[in-house]
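Notes follow the structure.
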Amino acid sequence: MIILKTNNNDEMKKKEIKTYNLDQLTDKYIGKKGSEDRERFEFELKLDVLGYMIKKARKEQHLTQEQLGKLVGVQKAQISKIENNTKDVRFSTVLKVFEALKAKVKLTIEFDPNSQMEIA
């Protein structure tokens, strides 16, 4: 319960403020877990975090985008795309960036056990 003062110092009002956790807000404004909108949101969020991590590591190593691009063999614009979550970036380029930053990469892939996957 929050106690709020009014303009008149003699009078006080009590008002209950409802609080929400992050999951409740995400469910309400993005969509429930498992929904198409929520899946898209969480995927985009992971890409944003990945770009942020790359940018942070690059800056910690005092590299410009241009310098990192030269280490990787790509243009500065490509590094900018990775850091800013542009979708048309090759996975192999992202791996080269991690290699140039001397980052250890662990990749976990989980498949839905109820689905079938065929390689032709």
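The way I read the labels, and the way they are meant: chains A, B, ... in the order of the structure tokens, residue 1 as the first residue of every chain, and ligand 1 as the first ligand shown, with later ones counted on from there.
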| task | Write down as a PyMOL selection string the residues of chain A whose backbone DSSP state falls under strand (DSSP E). | result | chain A and resi 2-5+12-15
Residues just named, written with N, CA and C atoms as a PDB file, in the first residue's frame:
```
ATOM      1  N   ILE A   2       0.518   2.211  -0.776  1.00  0.00           N
ATOM      2  CA  ILE A   2       1.254   3.463  -0.903  1.00  0.00           C
ATOM      3  C   ILE A   2       0.415   4.561  -0.265  1.00  0.00           C
ATOM      4  N   ILE A   3       1.056   5.421   0.505  1.00  0.00           N
ATOM      5  CA  ILE A   3       0.357   6.561   1.083  1.00  0.00           C
ATOM      6  C   ILE A   3       0.770   7.790   0.291  1.00  0.00           C
ATOM      7  N   LEU A   4      -0.210   8.488  -0.249  1.00  0.00           N
ATOM      8  CA  LEU A   4       0.046   9.663  -1.061  1.00  0.00           C
ATOM      9  C   LEU A   4      -0.426  10.900  -0.332  1.00  0.00           C
ATOM     10  N   LYS A   5       0.364  11.952  -0.383  1.00  0.00           N
ATOM     11  CA  LYS A   5      -0.050  13.221   0.195  1.00  0.00           C
ATOM     12  C   LYS A   5      -0.811  14.011  -0.857  1.00  0.00           C
ATOM     13  N   MET A  12      -4.535  12.855   4.063  1.00  0.00           N
ATOM     14  CA  MET A  12      -3.740  11.853   3.353  1.00  0.00           C
ATOM     15  C   MET A  12      -4.673  10.811   2.777  1.00  0.00           C
ATOM     16  N   LYS A  13      -4.306  10.319   1.618  1.00  0.00           N
ATOM     17  CA  LYS A  13      -5.117   9.288   0.969  1.00  0.00           C
ATOM     18  C   LYS A  13      -4.277   8.028   0.824  1.00  0.00           C
ATOM     19  N   LYS A  14      -4.931   6.901   0.964  1.00  0.00           N
ATOM     20  CA  LYS A  14      -4.270   5.620   0.749  1.00  0.00           C
ATOM     21  C   LYS A  14      -4.731   5.084  -0.595  1.00  0.00           C
ATOM     22  N   LYS A  15      -3.770   4.625  -1.369  1.00  0.00           N
ATOM     23  CA  LYS A  15      -4.109   4.077  -2.676  1.00  0.00           C
ATOM     24  C   LYS A  15      -3.258   2.835  -2.903  1.00  0.00           C
TER      25      LYS A  15
END
```
| task | Run DSSP on the backbone of this structure and report the residues of chain A it assigns to helix (DSSP H, G or I), as a PyMOL selection string. | result | chain A and resi 22-29+36-60+65-72+76-83+91-100
Each range 52-72 of chain A residue no farther than 8 Å from range 79-85 of chain A, nearest pair in Å, only C-alpha atoms, as JSON lines:
```
{"residue": "A:Tyr52", "atom": "CA", "partner": "A:Glu83", "partner_atom": "CA", "distance": 6.1}
{"residue": "A:Ile54", "atom": "CA", "partner": "A:Glu83", "partner_atom": "CA", "distance": 6.4}
{"residue": "A:Lys55", "atom": "CA", "partner": "A:Glu83", "partner_atom": "CA", "distance": 5.8}
{"residue": "A:Gln65", "atom": "CA", "partner": "A:Ile79", "partner_atom": "CA", "distance": 5.9}
{"residue": "A:Glu66", "atom": "CA", "partner": "A:Ile79", "partner_atom": "CA", "distance": 7.8}
{"residue": "A:Leu68", "atom": "CA", "partner": "A:Ile79", "partner_atom": "CA", "distance": 7.5}
{"residue": "A:Gly69", "atom": "CA", "partner": "A:Ile79", "partner_atom": "CA", "distance": 6.2}
```
Atoms to include: N, CA and C atoms. Write the selected residues as a compact mmCIF listing (two decimals), in the first residue's frame.
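The result, stored in selection-v7.txt:
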```txt
# COMPACT_ATOMS: atom_id res chain seq x y z
N TYR A 52 24.48 -6.81 -29.02
CA TYR A 52 25.00 -6.03 -27.90
C TYR A 52 26.28 -6.66 -27.35
N ILE A 54 28.44 -8.58 -28.91
CA ILE A 54 29.53 -8.40 -29.87
C ILE A 54 30.07 -6.97 -29.79
N LYS A 55 29.17 -6.00 -29.75
CA LYS A 55 29.59 -4.60 -29.67
C LYS A 55 30.38 -4.34 -28.39
N GLN A 65 34.66 -0.73 -35.61
CA GLN A 65 33.96 -1.66 -36.50
C GLN A 65 34.83 -1.95 -37.72
N GLU A 66 35.50 -0.94 -38.19
CA GLU A 66 36.36 -1.12 -39.37
C GLU A 66 37.52 -2.09 -39.06
N LEU A 68 37.62 -4.45 -36.72
CA LEU A 68 37.07 -5.80 -36.56
C LEU A 68 36.71 -6.38 -37.93
N GLY A 69 36.15 -5.56 -38.79
CA GLY A 69 35.81 -6.01 -40.14
C GLY A 69 37.03 -6.52 -40.88
```
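Of the listed residues (A:Lys59, A:Gly31, A:Asp37, A:Leu50), A:Leu50 comes nearest to Val105 in chain A; the distances count only C-alpha atoms.
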| task | Find the residue from A:Gly73, A:Glu60, A:Asp23, A:Lys32 that sits nearest to Glu99 in chain A; use only C-alpha atoms when measuring. | result | A:Gly73
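Straight-line separation from CA of Gly34 in chain A to CA of Val89 in chain A: 25.9 Å.
Nearest to Leu95 in chain A of all the residues A:Val72, A:Thr108, A:Asp48, A:Glu39 is A:Val72, based on only C-alpha atoms.
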